[in-house]
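Each remark here refers to the structure printed beneath this line.
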Amino acid sequence: MDITITVNPSVDRLYQLKELKVGSLNRVNLIKKMVGGKGINAARVASNLGAKTAATGFLAGYNGQYIEDQACEDQYTADFIKIAGNTRNCYTIIQQNNKKTEINEHGDYLSSLNFTHLLNKLKSLIGNNKISAISLNGSLPPTQINNFYTRIISLIRTLDPKIKIILDTSGKALTEVLKSNLLPDFIKPNEQEIADLLSTTVTYDCYALKKEITQSNLNKIQNIIVSLGDKGALVKHHDHFFQVKFNPVKVVNTEGSGDSVVGGLLYALDKQLDFESAIRWAIASGTANAMETKTGFVQKNNVKQIMKTIELVPIK
C-alpha cells in the first residue's frame with residue numbers, strides 16, 4: 001500500500017478568454033473546475049495503475065467537501081483530516097495567445113494541533129497496513145511549524161525505515177529538508193525547480209545538469225528524477241546518471257504530468273520493481289497523463305505502450 005500526503009490542496013478553476021484586461025471588467029467562461037493537489041493527483045494515478053493507495057492531508061469547508069465528494073469517483077482511499085476554514089482556491093486564466101496567468105491562495109493556517117493530528121494519522125496508517133512508499137507533496141500553507149517535512153520524514157524513518165519516501169515540493173520547503181540529515185529517497189523537480197535549486201538558468205542539457213548536481217548538496221540525494229517535459233528526463237541513481245528518452249505522444253493537457261510521475265513511481269515501489277522498471281513506470285505515467293483531458297489521470301494501456309519506447313541512456 002502507498003500513502004500520499006497533501007497538506008495544502010485546492011479547488012482549481014480554469015478560465016479562458018480572448019484577452020485579460022487588467023483593471024477592467026473581464027467576462028469569462030469556466031472551462032473546468034477540478035480537484036487540485038499534487039498528492040491527490042499522484043494517488044489517483046497510482047490507484048489507476050493498480051496500487052492500493054490512501055491520500056491524506058487536510059481539508060476544510062465546502063471546498064474540502066467538494067474534494068472529498070470527487071474522491072468517490074476515484075479508486076484511492078480518501079482519509080483526510082478536517083480543519084477549520086475553507087480549502088484554498090487556485091485560478092488559472094488562459095488567453096487566446098496561450099498566455100497563462102495563475103492566482104493561488106495561500107491556504108488555511110495549520111496549527112500545532114493540526115500537525116499533531118497528521119502525525120497521529122500517519123502512525124495509524126503505518127501501524128495498520130504494510131506500507132511500501134509514502135510521497136510528501138506540494139507547497140506548505142501558512143504555519144509556524146519549523147522543519148515541517150523533515151519532522152514527517154523523521155517519524156516515517158522511526159516507524160518503518162524500509163518505507164521509501166518521495167518528496168515532491170519546491171522552494172523553502174525543499175531546501176529546508178536538503179539542509180538536514182533526514183533525506184527522502186526520491187525528489188522530483190522539474191526543469192525550473194532544479195534550476196532554482198542549483199541557482200542557475202534553465203537547461204535541458206543532461207550533461208550540464210549532471211555536472212551541476214554532482215557539485216551541489218543535491219548529490220547526497222540517492223535518487224533524483226528531473227522531468228524535462230517533452231525533452232524526457234534526467235535521472236540520478238546513487239552515482240549513476242541517465243538520460244531518459246521516449247517517443248512523442250499527442251499532447252492534450254500537460255497539467256499534473258509531474259504529479260503523475262510520482263503516481264507511477266508509487267505504483268512501481270508498491271510492486272517492489274527494480275530501479276529501471278520503476279523509472280519506466282514513472283516517466284510513462286507522466287507522459288500518459290499529457291494525453292488526457294483530466295488532470296492527474298492515466299490509462300494503464302497507454303502507460304504500457306509508452307514504456308515500450310522508453311530508453312535509459314547512461315551519462316558518462
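In the C-alpha cells, chains take letters A, B, ... by order of appearance, with residues numbered from 1 within each chain and ligands from 1 in the order shown.
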**Selection: 9 Å around Leu17 in chain A, only C-alpha atoms, excl. self and same-chain fewer than 2 positions, as JSON, numbers by chain** = {"A": [15, 19, 20, 26, 27, 28, 29, 93, 94, 95, 96]}
For the residues in the current selection, export all heavy atoms as an mmCIF file, in the first residue's frame.
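The new file selection_21.cif reads:
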```
data_model
loop_
_atom_site.group_PDB
_atom_site.id
_atom_site.type_symbol
_atom_site.label_atom_id
_atom_site.label_comp_id
_atom_site.auth_asym_id
_atom_site.auth_seq_id
_atom_site.Cartn_x
_atom_site.Cartn_y
_atom_site.Cartn_z
ATOM 1 N N TYR A 15 -10.162 29.325 -16.425
ATOM 2 C CA TYR A 15 -10.966 30.239 -17.232
ATOM 3 C C TYR A 15 -10.244 30.525 -18.546
ATOM 4 O O TYR A 15 -9.020 30.574 -18.607
ATOM 5 C CB TYR A 15 -11.184 31.565 -16.499
ATOM 6 C CG TYR A 15 -11.943 31.450 -15.199
ATOM 7 C CD1 TYR A 15 -11.287 31.453 -13.978
ATOM 8 C CD2 TYR A 15 -13.331 31.356 -15.200
ATOM 9 C CE1 TYR A 15 -11.981 31.363 -12.784
ATOM 10 C CE2 TYR A 15 -14.044 31.268 -14.007
ATOM 11 C CZ TYR A 15 -13.363 31.269 -12.801
ATOM 12 O OH TYR A 15 -14.056 31.169 -11.624
ATOM 13 N N GLU A 19 -8.630 38.045 -24.205
ATOM 14 C CA GLU A 19 -7.531 38.872 -23.694
ATOM 15 C C GLU A 19 -7.860 39.311 -22.274
ATOM 16 O O GLU A 19 -8.979 39.753 -21.995
ATOM 17 C CB GLU A 19 -7.322 40.091 -24.580
ATOM 18 C CG GLU A 19 -6.196 41.011 -24.112
ATOM 19 C CD GLU A 19 -6.108 42.275 -24.932
ATOM 20 O OE1 GLU A 19 -6.936 42.455 -25.856
ATOM 21 O OE2 GLU A 19 -5.214 43.101 -24.641
ATOM 22 N N LEU A 20 -6.902 39.175 -21.369
ATOM 23 C CA LEU A 20 -7.084 39.622 -19.991
ATOM 24 C C LEU A 20 -6.817 41.126 -19.919
ATOM 25 O O LEU A 20 -5.713 41.590 -20.189
ATOM 26 C CB LEU A 20 -6.119 38.877 -19.060
ATOM 27 C CG LEU A 20 -6.158 39.291 -17.584
ATOM 28 C CD1 LEU A 20 -7.535 39.010 -16.987
ATOM 29 C CD2 LEU A 20 -5.076 38.567 -16.796
ATOM 30 N N ASN A 26 -13.725 41.706 -17.048
ATOM 31 C CA ASN A 26 -13.459 40.586 -17.948
ATOM 32 C C ASN A 26 -14.572 39.555 -17.787
ATOM 33 O O ASN A 26 -14.864 39.117 -16.664
ATOM 34 C CB ASN A 26 -12.120 39.923 -17.614
ATOM 35 C CG ASN A 26 -10.935 40.816 -17.905
ATOM 36 O OD1 ASN A 26 -10.391 40.803 -18.995
ATOM 37 N ND2 ASN A 26 -10.526 41.605 -16.907
ATOM 38 N N ARG A 27 -15.196 39.177 -18.879
ATOM 39 C CA ARG A 27 -16.206 38.127 -18.832
ATOM 40 C C ARG A 27 -15.588 36.843 -19.392
ATOM 41 O O ARG A 27 -15.046 36.838 -20.495
ATOM 42 C CB ARG A 27 -17.437 38.518 -19.645
ATOM 43 C CG ARG A 27 -18.137 39.758 -19.068
ATOM 44 C CD ARG A 27 -19.514 39.933 -19.666
ATOM 45 N NE ARG A 27 -20.147 41.155 -19.173
ATOM 46 C CZ ARG A 27 -20.786 41.249 -18.015
ATOM 47 N NH1 ARG A 27 -20.857 40.186 -17.221
ATOM 48 N NH2 ARG A 27 -21.351 42.385 -17.652
ATOM 49 N N VAL A 28 -15.687 35.801 -18.597
ATOM 50 C CA VAL A 28 -15.016 34.558 -18.978
ATOM 51 C C VAL A 28 -15.974 33.389 -18.852
ATOM 52 O O VAL A 28 -17.033 33.474 -18.213
ATOM 53 C CB VAL A 28 -13.784 34.293 -18.087
ATOM 54 C CG1 VAL A 28 -12.782 35.423 -18.194
ATOM 55 C CG2 VAL A 28 -14.203 34.089 -16.635
ATOM 56 N N ASN A 29 -15.580 32.289 -19.468
ATOM 57 C CA ASN A 29 -16.287 31.026 -19.315
ATOM 58 C C ASN A 29 -15.472 30.121 -18.398
ATOM 59 O O ASN A 29 -14.244 30.051 -18.517
ATOM 60 C CB ASN A 29 -16.467 30.338 -20.665
ATOM 61 C CG ASN A 29 -17.398 31.103 -21.589
ATOM 62 O OD1 ASN A 29 -18.423 31.605 -21.141
ATOM 63 N ND2 ASN A 29 -17.032 31.204 -22.855
ATOM 64 N N ILE A 93 -5.988 31.550 -15.662
ATOM 65 C CA ILE A 93 -6.627 32.296 -16.752
ATOM 66 C C ILE A 93 -5.773 32.134 -18.005
ATOM 67 O O ILE A 93 -4.588 32.487 -18.012
ATOM 68 C CB ILE A 93 -6.769 33.786 -16.399
ATOM 69 C CG1 ILE A 93 -7.588 33.945 -15.112
ATOM 70 C CG2 ILE A 93 -7.425 34.555 -17.546
ATOM 71 C CD1 ILE A 93 -7.532 35.336 -14.516
ATOM 72 N N ILE A 94 -6.361 31.580 -19.054
ATOM 73 C CA ILE A 94 -5.638 31.348 -20.302
ATOM 74 C C ILE A 94 -6.207 32.256 -21.383
ATOM 75 O O ILE A 94 -7.412 32.236 -21.661
ATOM 76 C CB ILE A 94 -5.732 29.880 -20.740
ATOM 77 C CG1 ILE A 94 -5.104 28.976 -19.672
ATOM 78 C CG2 ILE A 94 -5.024 29.679 -22.078
ATOM 79 C CD1 ILE A 94 -5.158 27.511 -20.012
ATOM 80 N N GLN A 95 -5.333 33.063 -21.978
ATOM 81 C CA GLN A 95 -5.751 33.964 -23.050
ATOM 82 C C GLN A 95 -5.653 33.262 -24.398
ATOM 83 O O GLN A 95 -5.076 32.172 -24.521
ATOM 84 C CB GLN A 95 -4.874 35.212 -23.034
ATOM 85 C CG GLN A 95 -4.977 36.002 -21.726
ATOM 86 C CD GLN A 95 -4.078 37.216 -21.722
ATOM 87 O OE1 GLN A 95 -4.326 38.191 -22.425
ATOM 88 N NE2 GLN A 95 -3.032 37.159 -20.903
ATOM 89 N N GLN A 96 -6.197 33.906 -25.408
ATOM 90 C CA GLN A 96 -6.231 33.326 -26.747
ATOM 91 C C GLN A 96 -4.829 33.021 -27.281
ATOM 92 O O GLN A 96 -4.632 32.074 -28.048
ATOM 93 C CB GLN A 96 -6.967 34.274 -27.700
ATOM 94 C CG GLN A 96 -7.407 33.649 -29.001
ATOM 95 C CD GLN A 96 -8.263 34.603 -29.821
ATOM 96 O OE1 GLN A 96 -7.869 35.739 -30.091
ATOM 97 N NE2 GLN A 96 -9.452 34.161 -30.200
#
```
**Request:** Quick one: everything within 12 Å of range 122-131 of chain A, counting only C-alpha atoms, minus sequence neighbours fewer than 6 positions away in the same chain. Send it as a PyMOL selection string.
**Result:** chain A and resi 1-5+51-57+77+79-81+115-116+151-165+266-267+269-272
Deliver the residues from the most recent selection as a file, using C-alpha atoms, as a CSV table (one decimal), in the first residue's frame.
```
chain,number,residue,atom,x,y,z
A,1,MET,CA,0.0,0.0,0.0
A,2,ASP,CA,1.1,3.6,-0.7
A,3,ILE,CA,0.3,6.9,1.0
A,4,THR,CA,0.3,10.4,-0.4
A,5,ILE,CA,0.2,13.4,1.9
A,51,ALA,CA,-1.8,0.1,-6.3
A,52,LYS,CA,-3.8,0.3,-3.2
A,53,THR,CA,-3.3,4.0,-2.2
A,54,ALA,CA,-4.5,6.2,0.6
A,55,ALA,CA,-4.5,10.0,0.3
A,56,THR,CA,-4.3,12.1,3.5
A,57,GLY,CA,-3.7,15.7,4.4
A,77,THR,CA,-9.0,5.9,-0.3
A,79,ASP,CA,-8.5,9.6,4.6
A,80,PHE,CA,-8.2,13.4,5.2
A,81,ILE,CA,-8.2,15.4,8.4
A,115,PHE,CA,0.2,18.9,12.7
A,116,THR,CA,-0.1,16.5,15.7
A,151,ARG,CA,9.7,16.0,11.1
A,152,ILE,CA,7.4,13.8,9.0
A,153,ILE,CA,10.4,12.1,7.4
A,154,SER,CA,11.8,11.5,10.9
A,155,LEU,CA,8.5,9.9,12.0
A,156,ILE,CA,8.4,7.6,9.0
A,157,ARG,CA,12.0,6.5,9.4
A,158,THR,CA,11.3,5.8,13.1
A,159,LEU,CA,8.2,3.8,12.4
A,160,ASP,CA,9.5,1.8,9.5
A,161,PRO,CA,12.9,2.6,7.9
A,162,LYS,CA,12.1,0.3,4.9
A,163,ILE,CA,9.4,2.7,3.6
A,164,LYS,CA,10.5,4.6,0.5
A,165,ILE,CA,9.9,8.4,0.8
A,266,LEU,CA,4.5,4.9,-6.2
A,267,TYR,CA,2.9,2.1,-8.1
A,269,LEU,CA,7.6,0.8,-5.5
A,270,ASP,CA,4.4,-0.8,-4.2
A,271,LYS,CA,5.1,-3.7,-6.6
A,272,GLN,CA,8.7,-3.9,-5.5
```
**Message:** List as a list in words the protein and nucleic acid residues near Ala84 in chain A, meaning an atom at most 10 Å away when only C-alpha atoms are counted, but skip any in the same chain fewer than 6 places from it.
**Reply:**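 So, after excluding close chain neighbours, the residues are Phe58, Leu59, Ala60, Gly61, Asp108, Tyr109, Leu110 and Asn114 of chain A.
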**Item:** All helix (DSSP H, G or I) positions in range 60-138 of chain A, as JSON, numbers by chain
**Value:** {"A": [61, 62, 63, 64, 65, 66, 67, 68, 69, 70, 71, 112, 113, 114, 115, 116, 117, 118, 119, 120, 121, 122, 123, 124, 125, 126, 127, 128]}
**Prompt:** Which neighbours of Gln65 in chain A fall inside 10 Å, counting only C-alpha atoms, when residues of the same chain fewer than 6 positions from it are skipped, and could you give them as a PyMOL selection string?
**Reply:** chain A and resi 59+71+82+86-87
**Message:** Would you pick out the contacts of range 210-213 of chain A at 9 Å or less, using only C-alpha atoms, so that residues sharing its chain but fewer than 2 positions from it are not included, and give the list as a PyMOL selection string?
**Reply:** chain A and resi 194+198+200+205-208+215-219+234+236+241+315
Taking all heavy atoms for each residue, export the selection above as a CSV table (one decimal), in the first residue's frame.
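Writing the result to again.csv gives the following:
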```csv
chain,number,residue,atom,x,y,z
A,194,ILE,N,14.7,22.6,-10.6
A,194,ILE,CA,16.2,22.2,-10.5
A,194,ILE,C,17.1,23.4,-10.7
A,194,ILE,O,18.1,23.6,-10.1
A,194,ILE,CB,16.5,21.0,-11.4
A,194,ILE,CG1,17.8,20.4,-11.0
A,194,ILE,CG2,16.6,21.4,-12.8
A,194,ILE,CD1,17.8,19.6,-9.7
A,198,LEU,N,19.8,24.9,-8.0
A,198,LEU,CA,21.2,25.0,-8.4
A,198,LEU,C,21.6,26.4,-8.7
A,198,LEU,O,22.8,26.7,-9.0
A,198,LEU,CB,21.5,24.2,-9.7
A,198,LEU,CG,21.2,22.7,-9.6
A,198,LEU,CD1,21.3,22.0,-10.9
A,198,LEU,CD2,22.3,22.0,-8.6
A,200,THR,N,21.0,28.4,-11.1
A,200,THR,CA,21.4,28.5,-12.5
A,200,THR,C,20.3,28.7,-13.4
A,200,THR,O,19.1,28.8,-13.0
A,200,THR,CB,22.2,27.2,-12.9
A,200,THR,OG1,22.8,27.4,-14.2
A,200,THR,CG2,21.3,26.0,-12.9
A,205,ASP,N,20.1,20.4,-21.1
A,205,ASP,CA,21.3,19.6,-21.3
A,205,ASP,C,21.6,18.7,-20.1
A,205,ASP,O,22.0,19.2,-19.1
A,205,ASP,CB,22.4,20.6,-21.5
A,205,ASP,CG,23.8,20.0,-21.9
A,205,ASP,OD1,23.9,18.8,-21.6
A,205,ASP,OD2,24.6,20.6,-22.5
A,206,CYS,N,21.4,17.4,-20.3
A,206,CYS,CA,21.6,16.5,-19.2
A,206,CYS,C,23.0,16.4,-18.7
A,206,CYS,O,23.2,16.1,-17.6
A,206,CYS,CB,21.1,15.1,-19.7
A,206,CYS,SG,19.3,15.0,-19.9
A,207,TYR,N,24.0,16.6,-19.6
A,207,TYR,CA,25.4,16.6,-19.2
A,207,TYR,C,25.7,17.7,-18.3
A,207,TYR,O,26.4,17.6,-17.3
A,207,TYR,CB,26.3,16.6,-20.5
A,207,TYR,CG,26.2,15.3,-21.2
A,207,TYR,CD1,25.3,15.1,-22.3
A,207,TYR,CD2,27.1,14.2,-21.0
A,207,TYR,CE1,25.2,14.0,-23.0
A,207,TYR,CE2,27.0,13.0,-21.7
A,207,TYR,CZ,26.1,12.9,-22.7
A,207,TYR,OH,26.0,11.7,-23.4
A,208,ALA,N,25.1,18.9,-18.6
A,208,ALA,CA,25.3,20.1,-17.8
A,208,ALA,C,24.6,19.9,-16.5
A,208,ALA,O,25.2,20.3,-15.4
A,208,ALA,CB,24.8,21.3,-18.5
A,215,GLN,N,28.1,18.6,-8.1
A,215,GLN,CA,28.9,19.6,-7.4
A,215,GLN,C,28.1,20.4,-6.4
A,215,GLN,O,28.5,21.4,-5.8
A,215,GLN,CB,29.5,20.6,-8.4
A,215,GLN,CG,30.5,20.0,-9.4
A,215,GLN,CD,31.0,21.0,-10.4
A,215,GLN,OE1,30.5,22.1,-10.6
A,215,GLN,NE2,32.0,20.6,-11.2
A,216,SER,N,26.8,19.9,-6.1
A,216,SER,CA,25.9,20.6,-5.2
A,216,SER,C,25.5,19.6,-4.1
A,216,SER,O,25.9,18.5,-4.1
A,216,SER,CB,24.7,21.1,-5.9
A,216,SER,OG,23.8,20.0,-6.2
A,217,ASN,N,24.8,20.2,-3.1
A,217,ASN,CA,24.3,19.3,-2.0
A,217,ASN,C,23.2,18.4,-2.4
A,217,ASN,O,22.8,17.5,-1.7
A,217,ASN,CB,23.9,20.2,-0.8
A,217,ASN,CG,22.6,21.0,-1.1
A,217,ASN,OD1,22.2,21.2,-2.2
A,217,ASN,ND2,22.0,21.5,-0.1
A,218,LEU,N,22.7,18.5,-3.7
A,218,LEU,CA,21.8,17.6,-4.2
A,218,LEU,C,22.4,16.2,-4.4
A,218,LEU,O,21.7,15.2,-4.5
A,218,LEU,CB,21.2,18.1,-5.5
A,218,LEU,CG,20.3,19.3,-5.5
A,218,LEU,CD1,19.9,19.6,-6.9
A,218,LEU,CD2,19.0,19.0,-4.7
A,219,ASN,N,23.7,16.1,-4.5
A,219,ASN,CA,24.4,14.9,-4.8
A,219,ASN,C,24.1,13.9,-3.6
A,219,ASN,O,24.3,12.7,-3.8
A,219,ASN,CB,25.8,15.1,-5.0
A,219,ASN,CG,26.5,14.0,-5.8
A,219,ASN,OD1,25.9,13.5,-6.7
A,219,ASN,ND2,27.7,13.5,-5.3
A,234,LEU,N,16.1,13.6,-16.8
A,234,LEU,CA,17.4,13.2,-16.2
A,234,LEU,C,17.2,12.5,-14.9
A,234,LEU,O,16.4,12.9,-14.1
A,234,LEU,CB,18.3,14.5,-15.9
A,234,LEU,CG,19.6,14.2,-15.1
A,234,LEU,CD1,20.6,13.6,-16.1
A,234,LEU,CD2,20.1,15.4,-14.5
A,236,LYS,N,19.1,10.5,-11.6
A,236,LYS,CA,20.2,10.1,-10.8
A,236,LYS,C,19.9,8.9,-10.0
A,236,LYS,O,18.8,8.9,-9.3
A,236,LYS,CB,20.7,11.3,-9.9
A,236,LYS,CG,21.8,11.0,-9.0
A,236,LYS,CD,22.1,12.1,-8.0
A,236,LYS,CE,23.2,11.9,-7.1
A,236,LYS,NZ,23.0,10.8,-6.1
A,241,PHE,N,24.0,8.3,-13.6
A,241,PHE,CA,23.1,9.3,-14.2
A,241,PHE,C,22.6,8.7,-15.5
A,241,PHE,O,23.4,8.1,-16.3
A,241,PHE,CB,23.8,10.6,-14.4
A,241,PHE,CG,24.0,11.4,-13.2
A,241,PHE,CD1,25.0,11.1,-12.3
A,241,PHE,CD2,23.1,12.5,-12.8
A,241,PHE,CE1,25.2,11.9,-11.1
A,241,PHE,CE2,23.3,13.2,-11.7
A,241,PHE,CZ,24.3,12.9,-10.8
A,315,ILE,N,24.8,8.4,-18.8
A,315,ILE,CA,25.6,9.6,-19.0
A,315,ILE,C,26.9,9.4,-18.4
A,315,ILE,O,27.0,9.3,-17.1
A,315,ILE,CB,24.9,10.9,-18.4
A,315,ILE,CG1,23.5,11.0,-19.0
A,315,ILE,CG2,25.7,12.1,-18.6
A,315,ILE,CD1,22.7,12.2,-18.4
```
I want to know what sits within 10 Å of Val303 in chain A, based on only C-alpha atoms, with residues of the same chain fewer than 6 positions away left out; could you give that as a short mmCIF file (atom, residue, chain, number, x, y, z; two decimals) with C-alpha atoms, in the first residue's frame?
```
data_model
loop_
_atom_site.label_atom_id
_atom_site.label_comp_id
_atom_site.auth_asym_id
_atom_site.auth_seq_id
_atom_site.Cartn_x
_atom_site.Cartn_y
_atom_site.Cartn_z
CA LEU A 49 -2.42 1.61 -12.27
CA GLY A 264 3.76 5.87 -11.46
CA ARG A 280 9.91 3.44 -16.80
CA TRP A 281 6.58 3.35 -14.97
CA ALA A 282 7.15 6.83 -13.57
CA ILE A 283 8.11 8.53 -16.85
CA ALA A 284 5.48 6.68 -18.86
CA SER A 285 2.79 7.72 -16.38
CA GLY A 286 3.79 11.36 -16.59
CA THR A 287 3.70 11.16 -20.38
CA ALA A 288 0.37 9.28 -20.47
CA ASN A 289 -1.23 11.98 -18.31
#
```
